[in-house]
file data_18.tsv (TSV, C-alpha atoms)
chain	number	residue	atom	x	y	z
A	1	MET	CA	72.68	37.84	-16.12
A	2	VAL	CA	69.35	36.21	-15.22
A	3	ARG	CA	69.36	34.42	-11.86
A	4	GLY	CA	69.95	30.70	-12.29
A	5	GLU	CA	71.38	31.16	-15.77
A	6	SER	CA	74.85	29.74	-16.44
A	7	PRO	CA	77.51	32.18	-17.66
A	8	ALA	CA	78.61	31.90	-21.28
A	9	LEU	CA	81.20	29.20	-21.71
A	10	ASP	CA	84.69	30.76	-21.75
A	11	MET	CA	86.83	29.52	-24.63
A	12	ASP	CA	89.90	29.81	-22.39
A	13	LEU	CA	88.41	27.19	-20.07
A	14	LEU	CA	88.12	24.73	-22.94
A	15	LYS	CA	91.65	25.53	-24.07
A	16	SER	CA	92.85	24.83	-20.52
A	17	LEU	CA	91.31	21.36	-20.50
A	18	VAL	CA	92.83	20.57	-23.91
A	19	ALA	CA	96.23	21.74	-22.67
A	20	VAL	CA	96.04	19.42	-19.66
A	21	SER	CA	94.95	16.57	-21.92
A	22	ASP	CA	97.94	17.14	-24.21
A	23	ALA	CA	100.49	17.65	-21.40
A	24	GLY	CA	99.24	14.89	-19.11
A	25	ALA	CA	99.89	17.06	-16.06
A	26	ILE	CA	98.56	20.33	-14.70
A	27	THR	CA	102.05	21.67	-13.93
A	28	GLU	CA	103.29	21.14	-17.48
A	29	ALA	CA	100.04	22.45	-18.98
A	30	ALA	CA	100.23	25.59	-16.82
A	31	SER	CA	103.78	26.21	-18.04
A	32	ARG	CA	102.73	25.88	-21.67
A	33	LEU	CA	99.85	28.31	-21.14
A	34	GLY	CA	101.94	30.80	-19.19
A	35	LEU	CA	99.78	30.37	-16.08
A	36	THR	CA	100.48	29.44	-12.48
A	37	GLN	CA	99.38	26.00	-11.37
A	38	PRO	CA	96.68	27.39	-9.02
A	39	ALA	CA	95.29	29.58	-11.83
A	40	LEU	CA	95.01	26.63	-14.20
A	41	THR	CA	93.51	24.46	-11.47
A	42	ARG	CA	90.86	27.12	-10.88
A	43	ARG	CA	90.02	27.16	-14.59
A	44	ILE	CA	89.51	23.42	-14.63
A	45	GLN	CA	87.31	23.72	-11.55
A	46	GLN	CA	85.22	26.38	-13.26
A	47	LEU	CA	84.79	24.13	-16.27
A	48	GLU	CA	83.73	21.25	-14.05
A	49	GLU	CA	81.25	23.54	-12.29
A	50	GLU	CA	79.86	24.54	-15.67
A	51	PHE	CA	79.26	20.91	-16.70
A	52	GLY	CA	78.42	19.71	-13.20
A	53	THR	CA	80.78	16.78	-13.30
A	54	GLU	CA	84.41	15.81	-12.76
A	55	LEU	CA	86.48	16.10	-15.93
A	56	LEU	CA	89.95	15.33	-14.56
A	57	SER	CA	91.11	12.51	-12.33
A	58	ARG	CA	94.19	13.73	-10.45
A	59	SER	CA	96.91	11.54	-8.98
A	60	ARG	CA	100.62	11.69	-8.16
A	61	ARG	CA	101.32	10.39	-11.63
A	62	GLY	CA	99.51	13.33	-13.23
A	63	ALA	CA	96.06	14.22	-14.47
A	64	ARG	CA	93.89	11.94	-16.55
A	65	LEU	CA	90.65	12.78	-18.26
A	66	THR	CA	87.55	11.04	-16.98
A	67	GLU	CA	85.19	9.43	-19.49
A	68	LEU	CA	83.11	12.62	-19.64
A	69	GLY	CA	86.30	14.66	-19.67
A	70	GLN	CA	87.34	12.83	-22.84
A	71	LEU	CA	84.01	13.73	-24.42
A	72	VAL	CA	84.45	17.40	-23.50
A	73	ASP	CA	88.04	17.30	-24.81
A	74	ILE	CA	86.94	15.98	-28.21
A	75	GLU	CA	84.16	18.54	-28.62
A	76	ALA	CA	86.31	21.34	-27.21
A	77	ARG	CA	88.89	20.83	-29.97
A	78	VAL	CA	86.13	21.18	-32.57
A	79	LEU	CA	84.78	24.34	-30.96
A	80	ILE	CA	88.24	25.86	-30.56
A	81	GLY	CA	89.06	25.12	-34.19
A	82	ARG	CA	85.83	26.71	-35.39
A	83	TYR	CA	86.35	29.72	-33.14
A	84	GLU	CA	89.89	30.30	-34.40
A	85	HIS	CA	88.69	29.94	-37.99
A	86	LEU	CA	85.93	32.47	-37.29
A	87	LYS	CA	88.40	34.96	-35.83
A	88	SER	CA	90.73	34.64	-38.81
A	89	GLU	CA	87.82	34.98	-41.24
A	90	VAL	CA	86.58	38.14	-39.51
A	91	LEU	CA	90.07	39.61	-39.65
A	92	ARG	CA	90.42	38.62	-43.30
A	93	ARG	CA	87.17	40.31	-44.25
A	94	GLN	CA	88.14	43.46	-42.39
A	95	SER	CA	91.05	43.95	-44.78
A	96	VAL	CA	90.90	45.05	-48.40
A	97	SER	CA	93.14	42.23	-49.54
A	98	GLY	CA	91.00	39.39	-48.26
A	99	GLY	CA	87.43	40.66	-48.11
A	100	ASN	CA	84.20	40.10	-49.99
A	101	VAL	CA	82.32	42.44	-52.31
A	102	ARG	CA	78.57	41.95	-52.74
A	103	ILE	CA	77.50	43.80	-55.87
A	104	GLY	CA	74.70	43.62	-58.40
A	105	GLY	CA	73.59	45.08	-61.68
A	106	GLY	CA	71.44	44.59	-64.74
A	107	ALA	CA	72.28	42.41	-67.72
A	108	THR	CA	74.41	45.08	-69.38
A	109	ALA	CA	76.34	45.88	-66.23
A	110	VAL	CA	77.02	42.28	-65.32
A	111	SER	CA	77.98	41.25	-68.84
A	112	PHE	CA	79.88	44.27	-70.14
A	113	VAL	CA	80.79	46.69	-67.35
A	114	LEU	CA	81.66	44.74	-64.21
A	115	PRO	CA	83.87	41.97	-65.68
A	116	ASP	CA	86.61	44.38	-66.74
A	117	ALA	CA	86.37	46.37	-63.49
A	118	ILE	CA	86.54	43.22	-61.38
A	119	THR	CA	89.46	41.85	-63.38
A	120	ARG	CA	91.45	45.05	-62.84
A	121	PHE	CA	90.66	45.09	-59.14
A	122	GLN	CA	91.56	41.43	-58.62
A	123	SER	CA	94.90	41.98	-60.32
A	124	ASP	CA	95.77	44.11	-57.27
A	125	TYR	CA	93.72	42.15	-54.72
A	126	PRO	CA	93.55	38.55	-55.98
A	127	ASP	CA	92.06	37.14	-52.76
A	128	VAL	CA	88.96	39.35	-52.81
A	129	LEU	CA	85.78	37.36	-53.48
A	130	PHE	CA	83.07	38.97	-55.61
A	131	GLN	CA	79.46	37.87	-55.15
A	132	VAL	CA	77.62	39.24	-58.19
A	133	LYS	CA	73.85	39.30	-58.68
A	134	GLU	CA	72.16	40.00	-62.01
A	135	ALA	CA	68.66	41.46	-61.84
A	136	GLY	CA	66.62	44.44	-62.96
A	137	SER	CA	67.63	47.90	-61.81
A	138	ALA	CA	64.69	48.22	-59.39
A	139	GLU	CA	65.49	44.91	-57.70
A	140	ILE	CA	69.19	45.77	-57.40
A	141	ALA	CA	68.35	49.15	-55.86
A	142	ALA	CA	66.01	47.45	-53.37
A	143	ASP	CA	68.70	44.93	-52.41
A	144	VAL	CA	71.21	47.71	-51.77
A	145	ALA	CA	68.62	49.58	-49.68
A	146	THR	CA	68.04	46.51	-47.47
A	147	GLY	CA	71.75	45.66	-47.18
A	148	ALA	CA	71.50	42.42	-49.15
A	149	LEU	CA	74.02	44.00	-51.54
A	150	GLU	CA	76.71	46.52	-50.68
A	151	LEU	CA	76.87	48.08	-54.14
A	152	GLY	CA	74.59	48.18	-57.15
A	153	LEU	CA	75.03	49.41	-60.70
A	154	VAL	CA	71.63	50.90	-61.55
A	155	THR	CA	69.92	52.92	-64.25
A	156	LEU	CA	69.15	56.50	-63.22
A	157	PRO	CA	66.94	57.91	-61.92
A	158	VAL	CA	66.26	55.69	-58.91
A	159	ARG	CA	63.24	56.76	-56.91
A	160	THR	CA	64.41	56.21	-53.34
A	161	THR	CA	65.86	58.38	-50.59
A	162	GLU	CA	67.74	55.51	-48.95
A	163	LEU	CA	70.57	55.33	-51.45
A	164	GLU	CA	73.59	57.41	-52.26
A	165	ILE	CA	74.18	57.21	-56.01
A	166	GLN	CA	77.26	58.32	-57.90
A	167	PRO	CA	76.63	58.78	-61.66
A	168	ILE	CA	79.40	57.00	-63.54
A	169	ALA	CA	78.70	56.44	-67.23
A	170	GLU	CA	76.41	57.23	-70.14
A	171	ASP	CA	75.11	54.26	-72.10
A	172	HIS	CA	73.85	54.66	-75.67
A	173	ILE	CA	70.95	52.46	-76.72
A	174	VAL	CA	71.22	51.55	-80.41
A	175	LEU	CA	69.10	49.80	-83.02
A	176	VAL	CA	70.50	46.51	-84.32
A	177	ALA	CA	69.50	44.16	-87.13
A	178	SER	CA	70.94	41.12	-88.84
A	179	PRO	CA	73.31	42.01	-91.72
A	180	ASP	CA	70.78	40.75	-94.29
A	181	HIS	CA	67.85	42.79	-92.92
A	182	ALA	CA	66.42	45.30	-95.42
A	183	LEU	CA	67.14	48.26	-93.13
A	184	ALA	CA	70.75	47.18	-92.60
A	185	ALA	CA	71.62	48.10	-96.18
A	186	THR	CA	71.15	51.82	-95.53
A	187	ALA	CA	73.60	54.12	-93.78
A	188	GLU	CA	70.78	55.65	-91.75
A	189	VAL	CA	67.06	55.04	-91.35
A	190	ASP	CA	64.35	57.51	-90.50
A	191	VAL	CA	62.53	56.84	-87.27
A	192	LEU	CA	59.25	56.57	-89.20
A	193	GLN	CA	60.59	53.46	-90.93
A	194	LEU	CA	60.43	51.63	-87.61
A	195	ASP	CA	56.66	51.85	-87.44
A	196	GLY	CA	55.15	48.34	-87.44
A	197	GLN	CA	58.53	46.58	-87.30
A	198	ASN	CA	58.99	43.38	-85.26
A	199	ILE	CA	61.10	44.00	-82.18
A	200	VAL	CA	62.88	41.67	-79.75
A	201	GLY	CA	62.66	43.56	-76.49
A	202	PHE	CA	63.98	43.43	-72.97
A	203	GLU	CA	61.66	42.26	-70.22
A	204	ALA	CA	58.63	44.45	-69.70
A	205	GLY	CA	59.15	46.75	-66.73
A	206	SER	CA	62.93	46.74	-66.96
A	207	ALA	CA	64.63	50.13	-66.90
A	208	ILE	CA	66.02	49.86	-70.43
A	209	ARG	CA	62.68	48.66	-71.83
A	210	GLN	CA	60.91	51.65	-70.28
A	211	LEU	CA	63.44	54.00	-71.88
A	212	VAL	CA	62.96	52.45	-75.31
A	213	ASP	CA	59.16	52.36	-75.07
A	214	SER	CA	59.03	55.99	-73.93
A	215	ALA	CA	61.31	57.16	-76.74
A	216	LEU	CA	59.27	55.33	-79.41
A	217	LEU	CA	56.00	56.60	-77.96
A	218	GLU	CA	57.29	60.17	-78.01
A	219	ALA	CA	58.31	59.71	-81.65
A	220	GLY	CA	54.82	58.40	-82.47
A	221	ILE	CA	56.10	54.96	-83.43
A	222	GLU	CA	54.29	51.66	-82.77
A	223	THR	CA	56.35	48.48	-82.97
A	224	ASN	CA	55.40	44.86	-82.61
A	225	VAL	CA	57.26	43.25	-79.69
A	226	VAL	CA	57.46	39.59	-80.68
A	227	MET	CA	59.71	38.39	-77.89
A	228	GLU	CA	60.99	39.53	-74.49
A	229	LEU	CA	64.41	38.43	-73.25
A	230	ARG	CA	66.67	39.31	-70.35
A	231	SER	CA	70.21	39.37	-71.70
A	232	ILE	CA	71.88	41.15	-74.59
A	233	PRO	CA	73.59	37.99	-75.93
A	234	ALA	CA	70.19	36.25	-76.14
A	235	ILE	CA	68.59	39.24	-77.86
A	236	VAL	CA	71.46	39.51	-80.35
A	237	GLN	CA	71.19	35.81	-81.19
A	238	MET	CA	67.45	36.12	-81.75
A	239	VAL	CA	67.86	39.20	-83.93
A	240	ALA	CA	70.48	37.42	-86.02
A	241	ASN	CA	68.22	34.40	-86.57
A	242	THR	CA	64.66	35.78	-86.73
A	243	GLY	CA	65.00	38.94	-88.82
A	244	SER	CA	63.57	41.11	-86.05
A	245	LEU	CA	65.08	44.34	-84.79
A	246	ALA	CA	66.16	45.25	-81.26
A	247	PHE	CA	67.32	48.15	-79.15
A	248	VAL	CA	70.30	47.24	-76.98
A	249	SER	CA	73.19	48.84	-75.18
A	250	GLN	CA	75.95	49.84	-77.57
A	251	MET	CA	78.43	48.27	-75.15
A	252	GLY	CA	76.86	44.89	-75.80
A	253	VAL	CA	77.29	44.83	-79.57
A	254	GLN	CA	80.79	46.15	-80.01
A	255	ASN	CA	83.35	43.85	-81.62
A	256	GLN	CA	80.86	41.28	-82.91
A	257	ASP	CA	79.41	40.62	-86.35
A	258	LEU	CA	76.13	38.80	-85.71
A	259	VAL	CA	74.20	42.06	-85.96
A	260	ARG	CA	74.74	45.50	-87.42
A	261	GLN	CA	74.13	48.85	-85.71
A	262	ILE	CA	71.75	51.10	-87.63
A	263	PRO	CA	71.75	54.86	-86.93
A	264	VAL	CA	68.19	56.20	-86.58
A	265	LYS	CA	67.48	59.77	-87.65
A	266	GLY	CA	65.17	61.49	-85.21
A	267	LEU	CA	65.70	59.05	-82.35
A	268	GLU	CA	68.37	59.15	-79.66
A	269	ILE	CA	68.14	56.98	-76.56
A	270	THR	CA	70.67	57.22	-73.78
A	271	ARG	CA	70.68	56.29	-70.15
A	272	ARG	CA	72.86	57.18	-67.21
A	273	LEU	CA	74.29	54.45	-65.01
A	274	GLY	CA	75.12	55.04	-61.37
A	275	LEU	CA	76.81	53.16	-58.55
A	276	ALA	CA	74.45	52.90	-55.59
A	277	ARG	CA	75.19	52.31	-51.93
A	278	ARG	CA	73.13	52.64	-48.80
A	279	LYS	CA	73.29	56.04	-47.12
A	280	ALA	CA	75.17	56.35	-43.81
A	281	THR	CA	76.07	52.66	-43.83
A	282	ALA	CA	79.58	51.23	-43.68
A	283	ILE	CA	80.53	48.65	-46.28
A	284	SER	CA	83.43	46.22	-46.24
A	285	PRO	CA	86.92	47.67	-46.85
A	286	ALA	CA	87.16	45.68	-50.08
A	287	ALA	CA	83.82	47.04	-51.34
A	288	GLU	CA	84.82	50.57	-50.35
A	289	LYS	CA	88.09	50.30	-52.25
A	290	PHE	CA	86.39	48.81	-55.29
A	291	ALA	CA	83.78	51.59	-55.30
A	292	GLN	CA	86.47	54.26	-55.16
A	293	GLN	CA	88.40	52.76	-58.06
A	294	PHE	CA	85.27	52.11	-60.10
A	295	VAL	CA	83.91	55.64	-59.74
A	296	THR	CA	87.31	57.22	-60.42
A	297	ARG	CA	87.80	55.23	-63.61
A	298	ASN	CA	84.27	55.62	-64.97
A	299	SER	CA	83.26	59.14	-63.96

call {"tool": "encode", "arguments": {"input": "data_18.tsv", "output": "structure tokens"}}
result
Amino acid sequence: MVRGESPALDMDLLKSLVAVSDAGAITEAASRLGLTQPALTRRIQQLEEEFGTELLSRSRRGARLTELGQLVDIEARVLIGRYEHLKSEVLRRQSVSGGNVRIGGGATAVSFVLPDAITRFQSDYPDVLFQVKEAGSAEIAADVATGALELGLVTLPVRTTELEIQPIAEDHIVLVASPDHALAATAEVDVLQLDGQNIVGFEAGSAIRQLVDSALLEAGIETNVVMELRSIPAIVQMVANTGSLAFVSQMGVQNQDLVRQIPVKGLEITRRLGLARRKATAISPAAEKFAQQFVTRNS
């Protein structure tokens, strides 16, 4: 401790003053706290030394708070309440049943992968709070690397040495069109038929967009990207209303009739999803349990 610096205020000293205030006498307060009278008296003296003023006025009829003692008593109750709440919150978050899980993923993960996983987990641990971030795979990976997120569902590969990544699922990227589109009438289209077609794409630079662009480039196909959107539901709605085509995750267009999947001969686009966490870094018990269940179910 630096010379001349006051010691950190002991919460027990504040609790002692509150006890005396409630009991109206040091003897009774000492009994309630399980202390001897001299021990409690010494605590009050320490508190008075800390504030540099008298906090209790003592008489044969008991102990009465001074004007400044009343001020300290009021504020002490607030501090004690906040401290006890903090302790209980720390204990809650140290348990699986009452912790938080900070997780992120791209549009597909947040819309079609995580909801079911979170629902299953919360059926066993209903008090766990999930804080979910939706962003591109690169941003999610960066947030996990810095500790802003505990877990991230990312598209592989991820070019970083700071993360431990468990591959969990393969995602098929499929071509979709509105039911009345000319290509939707055929059971299968040749990849060459996509040349020059209008496409609603994901954001430029996103992992899924890079996969699609690379696959089309390798096939020698040039498309006309007329719109860039972030989410599958928005892309599907645009495809249904504008007559354009789109490549989206197959998970995002199951069990809906706004668009139709069209098999493409000579073109197969898949991606591997992985659950990322920071290497050699502990995460909350709730996040650890969720990760275990998620990997087990999806691997």

call {"tool": "closest_residue", "arguments": {"input": "data_18.tsv", "among": "A:Val18, A:Arg42, A:Leu273, A:Gln37", "to": "Gly81 in chain A", "atoms": "all atoms listed in the file"}}
result
A:Val18

call {"tool": "closest_residue", "arguments": {"input": "data_18.tsv", "among": "A:Pro157, A:Pro167, A:Pro263, A:Pro285", "to": "Arg297 in chain A", "atoms": "all atoms listed in the file"}}
result
A:Pro167

call {"tool": "residues_around", "arguments": {"input": "data_18.tsv", "residues": "range 247-249 of chain A", "least_positions_apart": "6", "cutoff": "8 Å", "atoms": "only C-alpha atoms", "output": "VMD selection string"}}
result
chain A and resid 108 171 to 176 200 to 201 212 232

call {"tool": "residues_around", "arguments": {"input": "data_18.tsv", "residues": "Thr155 in chain A", "least_positions_apart": "6", "cutoff": "7 Å", "atoms": "only C-alpha atoms", "output": "PyMOL selection string"}}
result
chain A and resi 137+207+271-274

call {"tool": "closest_residue", "arguments": {"input": "data_18.tsv", "among": "A:Ala138, A:Leu229, A:Val101, A:Leu245", "to": "Gln122 in chain A", "atoms": "all atoms listed in the file"}}
result
A:Val101
